[in-house]
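Trainee: For reference, the structure I am asking about is given below.
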Amino acid sequence: MAVTVYYMSGSPYAWRVRLALEHKGIPYDLKTVSYDAGDLNTPEYAKLNPRRRVPVIVDDGFVLYESAAIVEYIADKWHGEPLLFSSDLRQRGVQRRMVREVDQYFGAGLEGLVEAILFTPQERWSDEKIFGARDTMKKELAILETGIAGEYLAGALSAVDFTLYPYVALVQRMGKRKSGLVPPDFMGPKIGAWVRRMQTLPITQKTWPPHWK
Ligand SMILES: N[C@@H](CCC(=O)N[C@@H](CS)C(=O)NCC(=O)O)C(=O)O
């Protein structure tokens with residue numbers, strides 16, 4: 001039985017899960033939920049995720065939420081190639097650390113930006129909040145710039161790339177609404193090249209948020 005993914009178009013967390021499944025070639029059914037239609041507020045949805053958020057997966061009756069945990073579950077259950085985390089113990093440790101860093105530090109900036117732009121009417125936008133959140137993310141990208149050695153963030157294409165890319169894509173999208181949000185020095189040359197590489201991957205194109213097209 002195929003895995004079911006509860007998903008919302010544009011959610012970077014749900015996008016990460018889709019990238020992981022696509023990378024591994026695991027078939028899945030997509031259940032698109034609508035925030036505006038109140039799908040997250042139903043008692044049925046609360047049984048899947050009491051936090052009422054996406055993504056959630058259901059795998060043969062087993063329900064799991066929290067995108068980072070879902071990606072680890074996918075990596076553990078379908079443990080053959082292509083991998084989501086390296087088979088090398090130390091490299092895997094670094095990748096797990098990086099997923100956590102991206103979620104914790106870059107993610108804090110992103111959450112602030114989403115609140116300041118998407119959940120605030122434009123007439124109440126605060127440059128202090130918007131650019132403060134942007135600078136948090138810029139600092140994180142500068143750290144990643146110093147560590148990137150190859151084509152991807154941590155060795156071969158991995159869960160680390162699938163964690164950060166949807167976040168960056170969302171920032172770039174918000175940059176279309178707020179001028180000056182993504183200045184040329186927002187990311188260094190290596191991260192810039194990585195973003196372009198990620199954007200052109202067939203799995204990225206296949207999972208591109210429908211309402212962004
Ligand atoms: N830490 C969670 C975050 C999930 C999350 O915040 N999802 C957002 C969509 S991007 C959501 O469902 N928001 C609905 C709400 O806050 O009501 C994860 O990684 O899965």
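In the structure tokens, the first chain shown is A, the next is B, and so on; residue numbers restart at 1 for each chain, and ligands run from 1 in the order shown.
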Return as a list of chain:residue names every polymer residue, whether protein, DNA or RNA, with at least one atom no more than 6 Å from an atom of ligand 1; count only C-alpha atoms and all ligand atoms.
Mentor: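 Answer in the requested format: A:Ser11, A:Pro12, A:Tyr13, A:Arg53, A:Val54, A:Pro55, A:Glu66, A:Ser67, A:Ala68.
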Trainee: Excluding segment 175-188 of chain A and residues on its chain fewer than 4 positions from it, collect all residues at most 8 Å away from it, counting only C-alpha atoms, and give them as a ChimeraX atom specification.
Mentor: /A:130-131,134,138,141-142,145,171,192
Trainee: Which residue out of A:Ala75, A:Leu164, A:Ala133, A:Met98 has the minimum interatomic distance to Ala116 of chain A when only C-alpha atoms are used?
Mentor: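 Among the listed residues, A:Ala133 lies closest to Ala116 of chain A.
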Trainee: DSSP on the backbone, alpha helix (DSSP H) only: what residues of segment 54-84 of chain A does that give? Format it as a ChimeraX atom specification.
Mentor: /A:67-77
Trainee: Pick out the closest residue to Ile117 of chain A from this set: A:Ile26, A:Thr136, A:Arg100, A:Leu170. Count only C-alpha atoms.
Mentor: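 Of all the options, A:Leu170 lies closest to Ile117 of chain A.
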Trainee: Using only C-alpha atoms, which of A:Phe106, A:Phe162, A:Phe85, A:Phe119 sits nearest Asp135 of chain A?
Mentor: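 Closest candidate: A:Phe106.
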Trainee: Calculated over only C-alpha atoms, which of the candidates A:Glu72, A:Glu22, A:Asp60, A:Asp127 has the smallest distance to Arg92 of chain A?
Mentor: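 Nearest candidate to Arg92 of chain A out of A:Glu72, A:Glu22, A:Asp60, A:Asp127: A:Glu72.
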Trainee: What is the atom CA of Leu83 of chain A-atom CA of Ala20 of chain A distance in Å, reported with one decimal?
Mentor: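 Interatomic distance, atom CA of Leu83 of chain A to atom CA of Ala20 of chain A: 9.3 Å.
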Trainee: Within 6 Å of segment 32-38 of chain A, counting only C-alpha atoms, which residues show up once you throw out same-chain ones fewer than 2 positions away? Write them as an mmCIF file with N, CA and C atoms, in the first residue's frame, please.
Mentor:
```cif
data_model
loop_
_atom_site.group_PDB
_atom_site.id
_atom_site.type_symbol
_atom_site.label_atom_id
_atom_site.label_comp_id
_atom_site.auth_asym_id
_atom_site.auth_seq_id
_atom_site.Cartn_x
_atom_site.Cartn_y
_atom_site.Cartn_z
ATOM 1 N N TYR A 6 0.011 13.948 3.724
ATOM 2 C CA TYR A 6 -0.862 15.121 3.882
ATOM 3 C C TYR A 6 0.017 16.343 3.670
ATOM 4 N N TYR A 7 -0.428 17.180 2.780
ATOM 5 C CA TYR A 7 0.466 18.171 2.174
ATOM 6 C C TYR A 7 -0.270 19.486 1.967
ATOM 7 N N MET A 8 0.484 20.583 1.991
ATOM 8 C CA MET A 8 -0.085 21.883 1.672
ATOM 9 C C MET A 8 0.884 22.527 0.671
ATOM 10 N N LEU A 40 -7.349 21.671 8.532
ATOM 11 C CA LEU A 40 -6.495 21.306 9.669
ATOM 12 C C LEU A 40 -7.261 21.343 10.991
ATOM 13 N N ASN A 41 -8.428 21.951 10.956
ATOM 14 C CA ASN A 41 -9.188 22.122 12.204
ATOM 15 C C ASN A 41 -10.237 21.056 12.447
#
```
Trainee: Write out as a list in words each polymer residue whose atoms come within 10 Å of Gly61 of chain A, counting only C-alpha atoms; drop sequence neighbours fewer than 4 positions from it.
Mentor: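 Close residues of Gly61 of chain A: Met1, Val3, Thr4 and Ile57 of chain A.
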Trainee: Next, dump the selected residues to file, keeping only N, CA and C atoms, as a PDB file, in the first residue's frame.
Mentor:
```pdb
ATOM      1  N   MET A   1       0.853  -1.205   0.000  1.00  0.00           N
ATOM      2  CA  MET A   1       0.000   0.000   0.000  1.00  0.00           C
ATOM      3  C   MET A   1       0.886   1.251   0.000  1.00  0.00           C
ATOM      4  N   VAL A   3       2.301   5.001   0.527  1.00  0.00           N
ATOM      5  CA  VAL A   3       2.314   5.961   1.640  1.00  0.00           C
ATOM      6  C   VAL A   3       1.387   7.121   1.267  1.00  0.00           C
ATOM      7  N   THR A   4       0.675   7.636   2.272  1.00  0.00           N
ATOM      8  CA  THR A   4      -0.129   8.843   2.042  1.00  0.00           C
ATOM      9  C   THR A   4       0.591  10.023   2.686  1.00  0.00           C
ATOM     10  N   ILE A  57       2.484  11.728   7.462  1.00  0.00           N
ATOM     11  CA  ILE A  57       2.404  10.570   6.554  1.00  0.00           C
ATOM     12  C   ILE A  57       1.649   9.453   7.247  1.00  0.00           C
TER      13      ILE A  57
END
```
Trainee: Which of these residues is nearest to Ala159 of chain A, using only C-alpha atoms: A:Val5, A:Val63, A:Ala46, A:Ile70?
Mentor: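 The shortest atom-to-atom distance to Ala159 of chain A comes from A:Ile70.
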